[in-house]
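Here the structure comes first, spelled out in structure tokens, and everything after it is commentary.
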Amino acid sequence: MGKKAPHSPDIEAAQHWHPPPGEQWMSWLVPVIFVSNIGMFVYTMYLNDCPDYLNKDSCLFSKHLGRFSFQPFRENPLLGPSTRTLRILGALEEDGVLEKHQAWRFFTCMFLHAGVVHVVANMFSLLFIGIRLEEEFGFLRIGALYLLSGFGGGLLSLIHLKNTATSKTISVGASGALFGLLGAMLSELLTNWTIYANKCAALISLLIIIGLNLAVGFLPHVDNSAHIGGFLAGFFLGFVLLMRPQYGYVSRKYVPAGCNIKHKAKYKCYQYFFMVSSVIILLIGYAYCLARLYIGKPEDFSFLKKSPR
């Protein structure tokens, strides 16, 4: 007959102990951003007051909407305000940022939208992506990710505007920040690879969503440079801000006394590698874009030219 295993309090404790569940945050920042964008669009249409600047019959739905009516379809096919109104409220434009030193436009443009179609599409994406991320990582990380991604999108967008002949073109919308959230979802999946069950399915689904959204950027009147800049910024920020402990890690403070649990390192080596590499890439990327904008003109390097003899 086999012997009965000796009773041990450590074994009994290990059998009845389970690691605590991950912390779940309440999402409030994303709904605040949502309400802010909707409220800003309503105020934009109020300030626009199409019938006061154009013939009342030229404005769309003026009979029903009054001063909230839209610009003529030939001027704005997205059912929204005029370029003049968006420029007043803080749209991203070359003259305002580079000539008048209005750097705040990098952030105000994230809360402006060109029309109903634009704001509805962006806000649907914000709720669909942002709430889940905020519930998992908290408002501080997602707030920083949102703003820094939008800033990255604005930088690349302004570089594109600067290099095109249409210097009067403006850029508005939260698309850069939203693409940053998409990019962060991809890097979060890669850096936290060990905690996912259906890894390949999650990766393929996310790549399809990202591809479809990037494809929209090739439509007319869509600033794809802001999408790409926001996506790249969010992708590298995700390795820094959304890194989670590896599968099986339990903090010592949650392990009960007398329970002999094998301790794992909190993060894997490749997670640290991704984080450090991303910080370096982000610093170089932001510095390079700012240099291209503010000291990229030939006359700014006149001190390097040889003086005539």
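Chain lettering (A, B, ...) mirrors the order of the structure tokens, residue numbering begins at 1 for each chain separately, and ligand numbering begins at 1 in order of display.
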Please report, as JSON lines, each residue of region 66-87 of chain A lying at most 12 Å from region 118-133 of chain A, together with the nearest pair of atoms and the separation in Å rounded to one decimal; use only C-alpha atoms, and order rows by chain and ascending residue number.
```
{"residue": "A:Asn76", "atom": "CA", "partner": "A:His118", "partner_atom": "CA", "distance": 11.1}
{"residue": "A:Pro77", "atom": "CA", "partner": "A:His118", "partner_atom": "CA", "distance": 10.3}
{"residue": "A:Leu78", "atom": "CA", "partner": "A:His118", "partner_atom": "CA", "distance": 6.6}
{"residue": "A:Leu79", "atom": "CA", "partner": "A:His118", "partner_atom": "CA", "distance": 8.7}
{"residue": "A:Gly80", "atom": "CA", "partner": "A:His118", "partner_atom": "CA", "distance": 8.8}
{"residue": "A:Pro81", "atom": "CA", "partner": "A:His118", "partner_atom": "CA", "distance": 11.6}
```
- Query: Near Leu242 (chain A), within 7 Å and counting only C-alpha atoms, which residues show up once chain neighbours fewer than 3 positions away are dropped, as a PyMOL selection string?
  - Reply: chain A and resi 137+188+238-239
Produce a file of the selected residues containing N, CA, C and O atoms, as a tab-separated table (two decimals), in the first residue's frame.
```
chain	number	residue	atom	x	y	z
A	137	PHE	N	-6.17	50.39	-17.92
A	137	PHE	CA	-4.91	51.05	-17.59
A	137	PHE	C	-5.09	52.36	-16.81
A	137	PHE	O	-4.09	52.93	-16.38
A	188	GLU	N	0.67	47.08	-27.08
A	188	GLU	CA	0.27	46.46	-25.81
A	188	GLU	C	0.13	44.95	-25.98
A	188	GLU	O	0.52	44.16	-25.11
A	238	GLY	N	2.82	52.95	-26.41
A	238	GLY	CA	2.22	51.77	-25.80
A	238	GLY	C	3.25	50.88	-25.11
A	238	GLY	O	2.97	50.29	-24.06
A	239	PHE	N	4.45	50.76	-25.69
A	239	PHE	CA	5.50	49.96	-25.06
A	239	PHE	C	5.95	50.57	-23.73
A	239	PHE	O	6.46	49.86	-22.87
```
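Interatomic distance, CA of Leu237 (chain A) to CA of Ile38 (chain A): 26.7 Å.
Near Gly143 (chain A), within 12 Å and counting only C-alpha atoms, sit Ser27, Trp28, Leu29, Val30, Pro31, Val32, Ile33, Gly130, Ile131, Leu133, Glu134, Phe137, Gly138, Phe139, Leu140, Arg141, Leu145, Tyr146, Leu147, Leu148, Ser149, Gly150, Ala177, Leu178, Gly180, Leu181, Gly234, Leu237 and Leu241 of chain A, not including residues fewer than 2 positions from it in the same chain.
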- Note on the structure: If you count only C-alpha atoms, the residue of A:Val240, A:Met110, A:Leu98, A:Ala226 closest to Tyr272 (chain A) turns out to be A:Val240
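Nearest-residue note for Tyr286 (chain A): choosing from A:Phe107, A:Phe179, A:Phe273, A:Phe151, the minimum distance belongs to A:Phe151, counting only C-alpha atoms.
Relative to CA of Ala215 (chain A), CA of Phe236 (chain A) is found at 21.0 Å.
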- Message: I'd like to know which residues of region 25-274 of chain A are alpha helix (DSSP H) (by DSSP, run on the backbone); could you write them as a VMD selection string?
- Response: chain A and resid 29 to 48 50 to 53 62 to 65 83 to 89 94 105 to 108 116 to 137 139 to 163 175 to 191 199 to 216 224 to 241 269 to 274
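Going from CA of Gln271 (chain A) to CA of Glu135 (chain A) covers 21.8 Å.
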- For region 167-174 of chain A, list every protein, DNA or RNA residue within 6 Å, evaluated using only C-alpha atoms, and leave out those in the same chain fewer than 6 positions away; present the list as a PyMOL selection string. chain A and resi 91-93+109-110+112-113
- Message: From the options A:Leu156, A:Ile142, A:Leu182, A:Leu190, which residue's atoms come nearest to Phe274 (chain A), counting only C-alpha atoms?
- Response: A:Leu190
